[in-house]
$ cat start_27.cif   # mmCIF, C-alpha atoms and all ligand atoms
data_work
#
loop_
_atom_site.label_atom_id
_atom_site.label_comp_id
_atom_site.auth_asym_id
_atom_site.auth_seq_id
_atom_site.Cartn_x
_atom_site.Cartn_y
_atom_site.Cartn_z
CA MET A 235 75.67 -3.08 139.90
CA SER A 236 74.47 -1.88 143.32
CA LEU A 237 73.69 1.81 143.78
CA VAL A 238 74.57 1.61 147.47
CA ASP A 239 78.17 2.28 148.32
CA ASN A 240 77.71 2.50 152.10
CA GLN A 241 74.56 1.16 153.81
CA ARG A 242 75.09 2.84 157.16
CA PRO A 243 74.01 6.44 156.41
CA LEU A 244 70.64 5.17 155.19
CA GLN A 245 69.93 3.42 158.49
CA PRO A 246 67.69 5.32 160.95
CA GLU A 247 70.17 4.83 163.85
CA TYR A 248 73.00 6.50 161.94
CA VAL A 249 74.10 9.73 163.61
CA PRO A 250 74.97 12.27 160.90
CA GLY A 251 77.89 14.66 161.35
CA SER A 252 75.61 17.68 161.39
CA ILE A 253 71.95 18.27 162.19
CA THR A 254 69.89 20.26 159.70
CA ASP A 255 67.84 23.23 161.01
CA ARG A 256 67.45 22.18 164.62
CA GLU A 257 69.75 24.79 166.12
CA SER A 258 67.21 26.41 168.44
CA GLU A 259 66.05 23.04 169.81
CA ARG A 260 69.67 21.91 170.24
CA LYS A 261 70.50 25.13 172.09
CA ALA A 262 67.42 24.89 174.31
CA LEU A 263 68.41 21.35 175.33
CA LYS A 264 72.01 22.31 175.94
CA GLN A 265 71.04 25.38 177.94
CA ALA A 266 68.68 23.37 180.11
CA LEU A 267 71.55 21.02 180.95
CA ASN A 268 73.81 23.87 181.97
CA SER A 269 71.81 24.62 185.09
CA ILE A 270 73.12 23.47 188.49
CA HIS A 271 70.32 20.94 188.88
CA LEU A 272 69.72 18.59 186.00
CA PRO A 273 66.40 19.47 184.38
CA ASN A 274 63.36 17.43 183.47
CA ILE A 275 62.44 17.90 179.84
CA LEU A 276 59.55 16.85 177.66
CA LEU A 277 60.89 16.67 174.11
CA HIS A 278 57.86 16.31 171.88
CA GLY A 279 57.09 16.43 168.18
CA PRO A 280 55.72 14.31 165.33
CA ARG A 281 57.48 11.15 164.16
CA GLY A 282 60.71 11.53 162.23
CA THR A 283 61.37 15.11 163.30
CA GLY A 284 64.77 14.48 164.87
CA LYS A 285 63.90 14.00 168.57
CA THR A 286 66.02 10.88 169.03
CA LEU A 287 68.84 12.37 167.01
CA LEU A 288 68.91 15.54 169.15
CA THR A 289 68.92 13.43 172.31
CA ARG A 290 71.64 11.12 171.05
CA GLN A 291 73.81 14.06 170.12
CA LEU A 292 73.20 15.72 173.47
CA ILE A 293 74.24 12.70 175.51
CA THR A 294 77.53 12.42 173.65
CA GLN A 295 78.34 15.96 174.78
CA LEU A 296 77.54 15.66 178.48
CA GLU A 297 80.04 16.71 181.12
CA ASP A 298 82.13 13.84 182.48
CA ASP A 299 80.39 13.80 185.86
CA ILE A 300 76.98 13.06 184.34
CA GLN A 301 76.08 9.44 183.61
CA HIS A 302 73.35 8.92 181.03
CA HIS A 303 70.90 6.05 180.69
CA TYR A 304 68.90 5.50 177.52
CA ILE A 305 65.66 3.54 177.91
CA ASP A 306 63.54 2.61 174.91
CA CYS A 307 60.02 2.42 176.33
CA ILE A 308 58.66 0.33 173.46
CA HIS A 309 60.63 -2.54 174.96
CA HIS A 310 60.65 -1.32 178.54
CA ASN A 311 57.01 -0.41 178.86
CA THR A 312 56.43 -1.07 182.56
CA GLU A 313 58.01 0.45 185.65
CA HIS A 314 59.65 -2.89 186.42
CA LYS A 315 61.17 -3.37 182.95
CA ALA A 316 62.40 0.23 182.84
CA LEU A 317 63.96 -0.11 186.31
CA ARG A 318 65.70 -3.33 185.27
CA LYS A 319 67.19 -1.52 182.30
CA LEU A 320 68.18 1.43 184.48
CA HIS A 321 69.77 -0.87 187.04
CA THR A 322 71.81 -2.62 184.33
CA SER A 323 72.85 0.70 182.86
CA ILE A 324 73.90 2.17 186.22
CA THR A 325 75.77 -0.88 187.52
CA GLY A 326 77.07 -2.19 184.19
CA GLU A 327 75.92 -5.65 185.32
CA ASP A 328 73.11 -7.93 184.19
CA THR A 329 70.06 -7.64 186.44
CA PRO A 330 69.04 -11.04 187.88
CA GLN A 331 65.52 -12.16 186.86
CA GLY A 332 64.25 -12.51 190.41
CA PHE A 333 64.74 -8.87 191.48
CA HIS A 334 61.45 -7.35 192.56
CA THR A 335 60.60 -3.73 191.90
CA SER A 336 61.32 -2.70 195.51
CA LYS A 337 64.74 -4.39 195.47
CA LEU A 338 65.59 -2.70 192.17
CA GLN A 339 64.50 0.63 193.61
CA ARG A 340 66.71 0.22 196.69
CA LYS A 341 69.75 -0.70 194.60
CA ILE A 342 69.18 2.14 192.16
CA GLU A 343 68.73 4.72 194.93
CA LYS A 344 72.04 3.68 196.49
CA GLN A 345 73.85 4.31 193.21
CA LEU A 346 72.08 7.55 192.40
CA LYS A 347 73.30 9.34 195.51
CA HIS A 348 76.82 10.16 194.39
CA VAL A 349 76.94 11.02 190.70
CA ARG A 350 74.55 13.04 188.52
CA HIS A 351 72.40 10.95 186.20
CA LEU A 352 70.40 11.81 183.10
CA ILE A 353 67.70 9.32 182.13
CA VAL A 354 66.26 9.38 178.61
CA LEU A 355 62.83 7.77 178.26
CA ASP A 356 62.48 7.49 174.50
CA GLU A 357 59.05 6.55 173.10
CA ALA A 358 57.65 7.39 176.55
CA ASP A 359 54.06 7.19 175.26
CA PHE A 360 54.28 3.39 175.32
CA LEU A 361 55.17 3.43 179.01
CA LEU A 362 52.49 5.99 179.87
CA GLN A 363 49.83 4.15 177.90
CA ASN A 364 50.70 0.79 179.39
CA ASN A 365 51.67 1.61 182.93
CA GLY A 366 50.46 5.11 183.74
CA ASN A 367 52.88 7.35 185.56
CA SER A 368 54.23 4.90 188.14
CA LEU A 369 57.84 5.17 186.92
CA LEU A 370 57.71 8.96 186.69
CA TYR A 371 56.13 9.13 190.13
CA TYR A 372 58.92 7.00 191.56
CA LEU A 373 61.69 8.96 189.85
CA SER A 374 60.19 12.28 190.94
CA ARG A 375 60.06 11.05 194.53
CA ILE A 376 63.69 9.95 194.79
CA ASN A 377 65.11 13.00 193.07
CA LYS A 378 66.51 14.63 196.15
CA PRO A 379 68.92 16.33 196.21
CA ALA A 380 68.15 16.94 192.53
CA ASN A 381 70.99 15.01 190.96
CA LEU A 382 68.72 13.29 188.50
CA GLY A 383 67.38 14.65 185.21
CA ILE A 384 64.81 13.02 182.95
CA ILE A 385 64.26 13.59 179.24
CA ILE A 386 60.84 12.31 178.25
CA VAL A 387 60.70 11.87 174.47
CA SER A 388 57.22 11.70 172.98
CA ALA A 389 55.59 11.73 169.57
CA HIS A 390 52.10 12.17 171.02
CA THR A 391 52.20 14.12 174.22
CA ALA A 392 52.61 17.86 173.88
CA SER A 393 51.77 18.30 177.54
CA LEU A 394 52.17 15.80 180.33
CA GLN A 395 49.74 17.61 182.56
CA SER A 396 46.69 15.63 181.49
CA GLN A 397 48.60 12.33 181.38
CA ILE A 398 50.17 12.07 184.81
CA ASP A 399 48.91 12.79 188.30
CA GLU A 400 49.12 16.30 189.64
CA ARG A 401 51.68 15.56 192.33
CA THR A 402 54.11 13.92 189.94
CA TYR A 403 53.65 16.73 187.45
CA SER A 404 54.26 19.47 189.96
CA THR A 405 57.43 17.74 191.22
CA LEU A 406 58.77 17.10 187.73
CA GLN A 407 57.78 20.47 186.22
CA PRO A 408 59.17 19.40 182.83
CA ARG A 409 60.40 22.05 180.42
CA ARG A 410 58.76 21.61 177.06
CA ILE A 411 60.87 21.60 173.92
CA GLY A 412 59.04 20.86 170.68
CA THR A 413 60.18 19.84 167.21
CA GLU A 414 57.95 21.15 164.42
CA PRO A 415 57.23 19.03 161.33
CA TYR A 416 59.83 19.52 158.60
CA THR A 417 59.01 21.36 155.40
CA SER A 418 59.65 19.43 152.20
CA GLU A 419 62.77 21.58 151.63
CA GLN A 420 64.16 20.45 154.98
CA VAL A 421 63.34 16.80 154.28
CA TYR A 422 65.03 17.23 150.90
CA GLN A 423 68.17 18.58 152.53
CA ILE A 424 68.32 15.83 155.15
CA LEU A 425 67.76 13.01 152.68
CA SER A 426 70.10 14.43 150.04
CA GLU A 427 72.95 14.57 152.56
CA ARG A 428 72.33 10.95 153.54
CA ALA A 429 72.08 9.92 149.87
CA ARG A 430 75.35 11.72 149.16
CA GLN A 431 77.09 9.74 151.89
CA SER A 432 75.56 6.45 150.93
CA LEU A 433 74.84 6.14 147.22
CA GLU A 434 77.12 6.01 144.21
CA PRO A 435 77.40 9.44 142.53
CA THR A 436 74.62 10.22 139.99
CA SER A 437 72.43 7.38 141.20
CA LEU A 438 69.57 9.60 142.38
CA HIS A 439 67.69 12.03 140.12
CA HIS A 440 67.04 15.48 141.55
CA GLU A 441 63.30 15.31 140.78
CA ALA A 442 63.09 11.89 142.46
CA LEU A 443 64.36 13.39 145.69
CA THR A 444 61.97 16.35 145.33
CA TYR A 445 59.12 13.88 144.95
CA LEU A 446 60.24 11.83 147.94
CA ALA A 447 60.60 14.91 150.13
CA SER A 448 57.15 16.17 149.19
CA ALA A 449 55.57 12.75 149.80
CA THR A 450 56.73 12.33 153.40
CA GLU A 451 57.33 14.59 156.38
CA ASN A 452 58.70 11.69 158.39
CA THR A 453 62.44 11.48 157.70
CA LYS A 454 62.61 7.93 159.07
CA LEU A 455 60.07 6.77 156.50
CA GLY A 456 61.81 8.82 153.79
CA LEU A 457 65.17 7.17 154.53
CA HIS A 458 63.57 3.76 154.55
CA TRP A 459 61.87 4.35 151.20
CA LEU A 460 65.08 5.65 149.64
CA ARG A 461 67.02 2.63 150.90
CA HIS A 462 64.34 0.29 149.62
CA ALA A 463 64.37 1.93 146.16
CA ALA A 464 68.18 1.87 146.01
CA GLN A 465 68.29 -1.82 146.90
CA ASN A 466 65.70 -2.75 144.31
CA THR A 467 67.03 -1.13 141.18
CA SER A 468 70.35 -1.02 139.36
CA GLN A 469 69.37 2.08 137.34
CA PRO A 470 69.58 5.62 138.74
CA ILE A 471 66.56 6.27 140.99
CA SER A 472 63.88 8.31 139.22
CA GLU A 473 60.53 9.64 140.40
CA GLU A 474 58.99 6.64 138.64
CA THR A 475 61.21 4.22 140.61
CA LEU A 476 59.97 5.78 143.83
CA LYS A 477 56.33 5.60 142.78
CA GLN A 478 56.74 1.96 141.81
CA THR A 479 58.42 1.05 145.09
CA GLN A 480 56.16 3.10 147.38
CA LYS A 481 53.70 0.39 148.32
CA GLN A 482 56.34 -2.21 149.03
CA ALA A 483 58.54 0.28 150.90
CA HIS A 484 55.64 1.35 153.13
CA HIS A 485 54.75 -2.29 153.71
CA ARG A 486 58.31 -3.10 154.80
CA PHE A 487 58.40 0.01 156.99
CA THR A 488 55.31 -1.23 158.79
CA GLU A 489 56.76 -4.72 159.14
CA ARG A 490 59.93 -3.27 160.60
CA THR A 491 57.96 -1.14 163.04
CA LEU A 492 55.89 -4.12 164.14
CA SER A 493 58.90 -6.40 164.45
CA HIS A 494 59.35 -4.87 167.94
CA HIS A 495 55.95 -6.23 168.93
CA THR A 496 54.05 -9.51 169.19
CA ASP A 497 52.44 -11.81 166.62
CA HIS A 498 49.10 -10.48 167.85
CA HIS A 499 50.03 -6.91 166.89
CA ARG A 500 50.89 -8.11 163.38
CA THR A 501 47.72 -10.19 163.14
CA LEU A 502 45.65 -7.25 164.35
CA TYR A 503 47.24 -4.92 161.81
CA ARG A 504 46.59 -7.43 159.01
CA ALA A 505 42.97 -7.67 160.14
CA ILE A 506 42.64 -3.88 160.00
CA ARG A 507 44.13 -3.77 156.47
CA ASN A 508 41.69 -6.44 155.38
CA PHE A 509 38.68 -4.17 154.84
CA ASP A 510 37.63 -2.45 151.61
CA ASP A 511 35.89 0.49 153.22
CA TYR A 512 36.97 2.65 156.15
CA PRO A 513 36.48 3.72 158.86
CA ILE A 514 35.59 0.54 160.69
CA ASN A 515 34.71 0.17 164.34
CA SER A 516 36.60 -1.71 167.02
CA GLY A 517 33.90 -4.43 167.19
CA GLN A 518 34.34 -5.27 163.48
CA ILE A 519 38.09 -5.34 163.96
CA TYR A 520 37.90 -7.69 166.90
CA THR A 521 35.75 -10.16 164.93
CA THR A 522 38.13 -10.07 161.95
CA TYR A 523 41.16 -10.35 164.24
CA ARG A 524 39.69 -13.55 165.74
CA GLU A 525 39.19 -15.01 162.25
CA HIS A 526 42.81 -14.23 161.38
CA CYS A 527 43.95 -15.88 164.63
CA ARG A 528 42.00 -19.01 163.75
CA LYS A 529 43.68 -19.22 160.33
CA ARG A 530 47.10 -18.75 161.93
CA ASP A 531 46.51 -21.14 164.80
CA LEU A 532 46.87 -18.38 167.37
CA LYS A 533 44.82 -18.22 170.55
CA PRO A 534 43.00 -14.86 170.34
CA LEU A 535 43.56 -12.30 173.08
CA SER A 536 40.69 -10.64 174.93
CA ASN A 537 38.90 -7.63 173.51
CA ARG A 538 40.44 -5.57 176.34
CA ARG A 539 44.01 -6.50 175.37
CA ILE A 540 43.25 -5.85 171.72
CA SER A 541 42.02 -2.35 172.62
CA ASP A 542 45.48 -1.73 174.10
CA TYR A 543 47.14 -3.11 170.98
CA ILE A 544 45.03 -0.79 168.85
CA GLN A 545 46.52 2.05 170.88
CA HIS A 546 50.04 0.73 170.18
CA LEU A 547 49.37 0.80 166.43
CA LYS A 548 48.09 4.32 166.84
CA LEU A 549 51.16 5.42 168.79
CA HIS A 550 53.31 4.15 165.93
CA GLY A 551 51.26 6.16 163.46
CA LEU A 552 50.12 3.03 161.60
CA ILE A 553 46.42 3.74 162.12
CA GLU A 554 44.19 6.72 162.87
CA THR A 555 41.38 6.48 165.38
CA LYS A 556 38.44 8.63 166.44
CA THR A 557 36.39 7.91 169.53
CA TYR A 558 32.74 8.93 169.82
CA TYR A 559 30.80 9.01 173.07
CA GLY A 560 27.07 8.56 173.53
CA GLY A 561 24.59 6.86 171.20
CA LYS A 562 23.25 3.33 171.43
CA HIS A 563 26.58 1.62 172.14
CA GLY A 564 28.11 4.17 174.50
CA LYS A 565 31.72 4.65 173.41
CA THR A 566 32.73 3.66 169.86
CA THR A 567 36.12 3.89 168.23
CA GLN A 568 36.38 4.32 164.48
CA ILE A 569 39.60 3.16 162.89
CA GLN A 570 41.36 3.44 159.56
CA PRO A 571 44.89 2.79 158.31
CA SER A 572 47.12 5.86 158.33
CA SER A 573 46.73 7.97 155.21
CA LEU A 574 50.51 8.48 155.29
CA LEU A 575 51.20 4.78 154.73
CA GLN A 576 49.55 3.43 151.57
N1 LIG B 601 67.58 17.72 161.37
C1 LIG B 601 68.09 16.55 160.97
N2 LIG B 601 69.32 16.51 160.38
C2 LIG B 601 69.83 15.33 159.96
N3 LIG B 601 69.22 14.15 160.09
C3 LIG B 601 67.99 14.13 160.66
C4 LIG B 601 67.38 15.33 161.13
N4 LIG B 601 66.18 15.02 161.65
C5 LIG B 601 66.04 13.70 161.53
N5 LIG B 601 67.12 13.16 160.93
C6 LIG B 601 67.31 11.73 160.63
O1 LIG B 601 66.03 11.18 160.35
C7 LIG B 601 65.85 9.93 161.01
C8 LIG B 601 64.68 10.01 161.99
O2 LIG B 601 65.01 10.92 163.03
P1 LIG B 601 64.70 10.61 164.57
O3 LIG B 601 64.69 9.15 164.81
O4 LIG B 601 65.61 11.44 165.39
O5 LIG B 601 63.22 11.19 164.64
P2 LIG B 601 62.21 11.08 165.85
O6 LIG B 601 61.51 12.39 165.93
O7 LIG B 601 62.90 10.60 167.07
O8 LIG B 601 61.22 9.96 165.30
P3 LIG B 601 60.28 8.94 166.14
O9 LIG B 601 59.30 9.78 166.88
O10 LIG B 601 59.63 8.09 165.09
O11 LIG B 601 61.19 8.13 167.03
C9 LIG B 601 67.18 9.61 161.70
O12 LIG B 601 67.94 8.78 160.88
C10 LIG B 601 67.82 10.98 161.85
O13 LIG B 601 69.24 10.88 161.81
#

$ encode --input "start_27.cif" --output "structure tokens"
Amino acid sequence: MSLVDNQRPLQPEYVPGSITDRESERKALKQALNSIHLPNILLHGPRGTGKTLLTRQLITQLEDDIQHHYIDCIHHNTEHKALRKLHTSITGEDTPQGFHTSKLQRKIEKQLKHVRHLIVLDEADFLLQNNGNSLLYYLSRINKPANLGIIIVSAHTASLQSQIDERTYSTLQPRRIGTEPYTSEQVYQILSERARQSLEPTSLHHEALTYLASATENTKLGLHWLRHAAQNTSQPISEETLKQTQKQAHHRFTERTLSHHTDHHRTLYRAIRNFDDYPINSGQIYTTYREHCRKRDLKPLSNRRISDYIQHLKLHGLIETKTYYGGKHGKTTQIQPSSLLQ
């Protein structure tokens, strides 16, 4: 018999009825939106600390005269792609393939004049890493007379000042709102509420949930692991069940994360996991990546592109990197799989 009565509350996209312990962040966001001019906000904090949830809740409560546009920058990681998405969201129409950036900009500017708009750039690090601040520069330039607000959601950037050019920064002047990592008690509370809504009664031992909450600060990973355990046993979930399913659950979590990316990202990640000893340097990784490509009949990408892809894995929290300057080889990057994903 399945332990899962309702799958939905265990999905990361599910919006729960109430948000645990994020009242001050919720209020800060709400307050910022109450000003005459829509604000620019940098919402930052580690992965799985409720940033997307807070944003999603906020946009459902906007005043009627504010249109919102949600852009996931993992998929829309260039100015052009993000503008296409924005254009579609503003007009409600598909954006023809042939539209150039300047045409998109003209059409968007026309629409922006009359109503207030709030743009959410979720996972903004992917856009910044890939395309610098060209989109933010453009948006900051057209924001007159201040009827446009931008929420920049980031798991890596606590301050935009070093990431974007001075002019763009001083025009945007984003307010910073941060989400701290959850304590294990908070993770426990969040996961137990989701388990209550999703699982059959008595199908999760108390000490199993305590173990799960102490083993991960990232609620997205915690939910995924719980779902995986529930789907793979017909007995009530114990601490032992969780320990047994940990490796597989983490593996699936990584696969799911990388499903948004290319075959080369997956091949690269496999190459990184292939070593016995860590850290390894980017040169060793590139050689191993090429061998994996050969076995999979893939044409390897250049070292330069692979350096970017290493950054993508880092942004997702799948690997940890340290860069050293100086020495015989100039700059070297040392890499290891994330200690949080075993
Ligand atoms: N305070 C909370 N109360 C209830 N559920 C929460 C809370 N914080 C996070 N969650 C749930 O945990 C999951 C992950 O949260 P969310 O996606 O908002 O985190 P995030 O900080 O945006 O993560 P990432 O940086 O990886 O995108 C979601 O399913 C969300 O509903």

$ closest_atom_pairs --input "start_27.cif" --of "range 476-550 of chain A" --to "range 296-308 of chain A" --cutoff "12 Å" --atoms "all atoms listed in the file" --output "tab-separated table"
residue	atom	partner	partner_atom	distance
A:Thr491	CA	A:Ile308	CA	10.5
A:Leu492	CA	A:Ile308	CA	10.7
A:Ser493	CA	A:Ile308	CA	11.2
A:His494	CA	A:Ile308	CA	7.6
A:His495	CA	A:Ile308	CA	8.4
A:Thr496	CA	A:Ile308	CA	11.7
A:His546	CA	A:Ile308	CA	9.2
A:Leu547	CA	A:Ile308	CA	11.7
A:Leu549	CA	A:Ile308	CA	10.2
A:His550	CA	A:Ile308	CA	10.0

$ write_last_selection --input "start_27.cif" --atoms "C-alpha atoms" --output "PDB file, in the coordinates of the input"
ATOM      1  CA  THR A 491      57.960  -1.140 163.040  1.00  0.00           C
ATOM      2  CA  LEU A 492      55.890  -4.120 164.140  1.00  0.00           C
ATOM      3  CA  SER A 493      58.900  -6.400 164.450  1.00  0.00           C
ATOM      4  CA  HIS A 494      59.350  -4.870 167.940  1.00  0.00           C
ATOM      5  CA  HIS A 495      55.950  -6.230 168.930  1.00  0.00           C
ATOM      6  CA  THR A 496      54.050  -9.510 169.190  1.00  0.00           C
ATOM      7  CA  HIS A 546      50.040   0.730 170.180  1.00  0.00           C
ATOM      8  CA  LEU A 547      49.370   0.800 166.430  1.00  0.00           C
ATOM      9  CA  LEU A 549      51.160   5.420 168.790  1.00  0.00           C
ATOM     10  CA  HIS A 550      53.310   4.150 165.930  1.00  0.00           C
TER      11      HIS A 550
END

$ residues_around --input "start_27.cif" --residues "range 236-242 of chain A" --least-positions-apart "4" --cutoff "8 Å" --atoms "all atoms listed in the file" --output "list in words"
Tyr248, Gln431, Ser432, Leu433, Glu434, Ser437, Ala464, Gln465, Thr467, Ser468, Gln469 and Pro470 of chain A

$ atom_distance --input "start_27.cif" --atom1 "CA of His321 in chain A" --atom2 "CA of Val387 in chain A"
20.1 Å

$ closest_atom_pairs --input "start_27.cif" --of "chain A" --to "ligand LIG 601 (chain B)" --cutoff "9 Å" --atoms "all atoms listed in the file" --output "Markdown table"
| residue | atom | partner | partner_atom | distance |
| --- | --- | --- | --- | --- |
| A:Pro243 | CA | B:LIG601 | O12 | 7.9 |
| A:Leu244 | CA | B:LIG601 | O12 | 7.3 |
| A:Gln245 | CA | B:LIG601 | O12 | 6.2 |
| A:Pro246 | CA | B:LIG601 | O12 | 3.5 |
| A:Glu247 | CA | B:LIG601 | O12 | 5.4 |
| A:Tyr248 | CA | B:LIG601 | O12 | 5.7 |
| A:Val249 | CA | B:LIG601 | O13 | 5.3 |
| A:Pro250 | CA | B:LIG601 | O13 | 6.0 |
| A:Gly251 | CA | B:LIG601 | C2 | 8.2 |
| A:Ser252 | CA | B:LIG601 | C2 | 6.4 |
| A:Ile253 | CA | B:LIG601 | N2 | 3.6 |
| A:Thr254 | CA | B:LIG601 | N1 | 3.8 |
| A:Asp255 | CA | B:LIG601 | N1 | 5.5 |
| A:Arg256 | CA | B:LIG601 | N1 | 5.5 |
| A:Glu257 | CA | B:LIG601 | N1 | 8.8 |
| A:His278 | CA | B:LIG601 | O6 | 8.0 |
| A:Gly279 | CA | B:LIG601 | O6 | 6.4 |
| A:Pro280 | CA | B:LIG601 | O9 | 6.0 |
| A:Arg281 | CA | B:LIG601 | O9 | 3.5 |
| A:Gly282 | CA | B:LIG601 | O8 | 3.5 |
| A:Thr283 | CA | B:LIG601 | O6 | 3.8 |
| A:Gly284 | CA | B:LIG601 | O4 | 3.2 |
| A:Lys285 | CA | B:LIG601 | O7 | 3.8 |
| A:Thr286 | CA | B:LIG601 | O7 | 3.7 |
| A:Leu287 | CA | B:LIG601 | O4 | 3.7 |
| A:Leu288 | CA | B:LIG601 | O4 | 6.5 |
| A:Thr289 | CA | B:LIG601 | O4 | 7.9 |
| A:Arg290 | CA | B:LIG601 | O4 | 8.3 |
| A:Asp356 | CA | B:LIG601 | O11 | 7.6 |
| A:Glu357 | CA | B:LIG601 | O11 | 6.6 |
| A:Val387 | CA | B:LIG601 | O7 | 7.8 |
| A:Ser388 | CA | B:LIG601 | O9 | 6.7 |
| A:Ala389 | CA | B:LIG601 | O9 | 5.0 |
| A:His390 | CA | B:LIG601 | O9 | 8.6 |
| A:Thr413 | CA | B:LIG601 | O6 | 7.7 |
| A:Tyr416 | CA | B:LIG601 | N4 | 8.4 |
| A:Gln420 | CA | B:LIG601 | N1 | 7.7 |
| A:Val421 | CA | B:LIG601 | C4 | 8.1 |
| A:Gln423 | CA | B:LIG601 | N2 | 8.2 |
| A:Ile424 | CA | B:LIG601 | C2 | 5.1 |
| A:Leu425 | CA | B:LIG601 | N3 | 7.6 |
| A:Glu427 | CA | B:LIG601 | C2 | 8.1 |
| A:Arg428 | CA | B:LIG601 | N3 | 7.9 |
| A:Asn452 | CA | B:LIG601 | C8 | 7.2 |
| A:Thr453 | CA | B:LIG601 | O1 | 4.5 |
| A:Lys454 | CA | B:LIG601 | C8 | 4.1 |
| A:Leu455 | CA | B:LIG601 | C8 | 7.9 |
| A:Gly456 | CA | B:LIG601 | O1 | 8.1 |
| A:Leu457 | CA | B:LIG601 | C7 | 7.1 |
| A:His550 | CA | B:LIG601 | O10 | 7.5 |
| A:Gly551 | CA | B:LIG601 | O10 | 8.7 |

$ write_last_selection --input "start_27.cif" --atoms "C-alpha atoms" --output "JSON list (two decimals), in the frame of the given file"
[["chain", "number", "residue", "atom", "x", "y", "z"],
["A", 243, "PRO", "CA", 74.01, 6.44, 156.41],
["A", 244, "LEU", "CA", 70.64, 5.17, 155.19],
["A", 245, "GLN", "CA", 69.93, 3.42, 158.49],
["A", 246, "PRO", "CA", 67.69, 5.32, 160.95],
["A", 247, "GLU", "CA", 70.17, 4.83, 163.85],
["A", 248, "TYR", "CA", 73.00, 6.50, 161.94],
["A", 249, "VAL", "CA", 74.10, 9.73, 163.61],
["A", 250, "PRO", "CA", 74.97, 12.27, 160.90],
["A", 251, "GLY", "CA", 77.89, 14.66, 161.35],
["A", 252, "SER", "CA", 75.61, 17.68, 161.39],
["A", 253, "ILE", "CA", 71.95, 18.27, 162.19],
["A", 254, "THR", "CA", 69.89, 20.26, 159.70],
["A", 255, "ASP", "CA", 67.84, 23.23, 161.01],
["A", 256, "ARG", "CA", 67.45, 22.18, 164.62],
["A", 257, "GLU", "CA", 69.75, 24.79, 166.12],
["A", 278, "HIS", "CA", 57.86, 16.31, 171.88],
["A", 279, "GLY", "CA", 57.09, 16.43, 168.18],
["A", 280, "PRO", "CA", 55.72, 14.31, 165.33],
["A", 281, "ARG", "CA", 57.48, 11.15, 164.16],
["A", 282, "GLY", "CA", 60.71, 11.53, 162.23],
["A", 283, "THR", "CA", 61.37, 15.11, 163.30],
["A", 284, "GLY", "CA", 64.77, 14.48, 164.87],
["A", 285, "LYS", "CA", 63.90, 14.00, 168.57],
["A", 286, "THR", "CA", 66.02, 10.88, 169.03],
["A", 287, "LEU", "CA", 68.84, 12.37, 167.01],
["A", 288, "LEU", "CA", 68.91, 15.54, 169.15],
["A", 289, "THR", "CA", 68.92, 13.43, 172.31],
["A", 290, "ARG", "CA", 71.64, 11.12, 171.05],
["A", 356, "ASP", "CA", 62.48, 7.49, 174.50],
["A", 357, "GLU", "CA", 59.05, 6.55, 173.10],
["A", 387, "VAL", "CA", 60.70, 11.87, 174.47],
["A", 388, "SER", "CA", 57.22, 11.70, 172.98],
["A", 389, "ALA", "CA", 55.59, 11.73, 169.57],
["A", 390, "HIS", "CA", 52.10, 12.17, 171.02],
["A", 413, "THR", "CA", 60.18, 19.84, 167.21],
["A", 416, "TYR", "CA", 59.83, 19.52, 158.60],
["A", 420, "GLN", "CA", 64.16, 20.45, 154.98],
["A", 421, "VAL", "CA", 63.34, 16.80, 154.28],
["A", 423, "GLN", "CA", 68.17, 18.58, 152.53],
["A", 424, "ILE", "CA", 68.32, 15.83, 155.15],
["A", 425, "LEU", "CA", 67.76, 13.01, 152.68],
["A", 427, "GLU", "CA", 72.95, 14.57, 152.56],
["A", 428, "ARG", "CA", 72.33, 10.95, 153.54],
["A", 452, "ASN", "CA", 58.70, 11.69, 158.39],
["A", 453, "THR", "CA", 62.44, 11.48, 157.70],
["A", 454, "LYS", "CA", 62.61, 7.93, 159.07],
["A", 455, "LEU", "CA", 60.07, 6.77, 156.50],
["A", 456, "GLY", "CA", 61.81, 8.82, 153.79],
["A", 457, "LEU", "CA", 65.17, 7.17, 154.53],
["A", 550, "HIS", "CA", 53.31, 4.15, 165.93],
["A", 551, "GLY", "CA", 51.26, 6.16, 163.46]]

$ closest_residue --input "start_27.cif" --among "A:Tyr372, A:Tyr503, A:Phe360, A:Tyr512" --to "Leu317 in chain A" --atoms "only C-alpha atoms"
A:Tyr372

$ residues_around --input "start_27.cif" --residues "Ala447 in chain A" --least-positions-apart "3" --cutoff "8 Å" --atoms "only C-alpha atoms" --output "VMD selection string"
chain A and resid 418 to 419 421 to 422 425 443 to 444 450 to 451 456

$ closest_residue --input "start_27.cif" --among "A:Ser336, A:Gln407, A:Asn364, A:Ser572" --to "Ile384 in chain A" --atoms "all atoms listed in the file"
A:Gln407

$ atom_distance --input "start_27.cif" --atom1 "CA of Lys556 in chain A" --atom2 "CA of Ile569 in chain A"
6.6 Å

$ closest_residue --input "start_27.cif" --among "A:Leu382, A:Ala316, A:Ile540, A:Leu263" --to "His348 in chain A" --atoms "all atoms listed in the file"
A:Leu382

$ closest_residue --input "start_27.cif" --among "A:Arg500, A:His440, A:Arg538, A:Lys264" --to "Tyr523 in chain A" --atoms "all atoms listed in the file"
A:Arg500

$ closest_residue --input "start_27.cif" --among "A:His498, A:Arg375, A:Arg461, A:His485" --to "Lys533 in chain A" --atoms "only C-alpha atoms"
A:His498

$ atom_distance --input "start_27.cif" --atom1 "CA of Ile514 in chain A" --atom2 "CA of Arg490 in chain A"
24.6 Å

$ residues_around --input "start_27.cif" --residues "Ser404 in chain A" --least-positions-apart "5" --cutoff "10 Å" --atoms "only C-alpha atoms" --output "ChimeraX atom specification"
/A:374,395,398-399
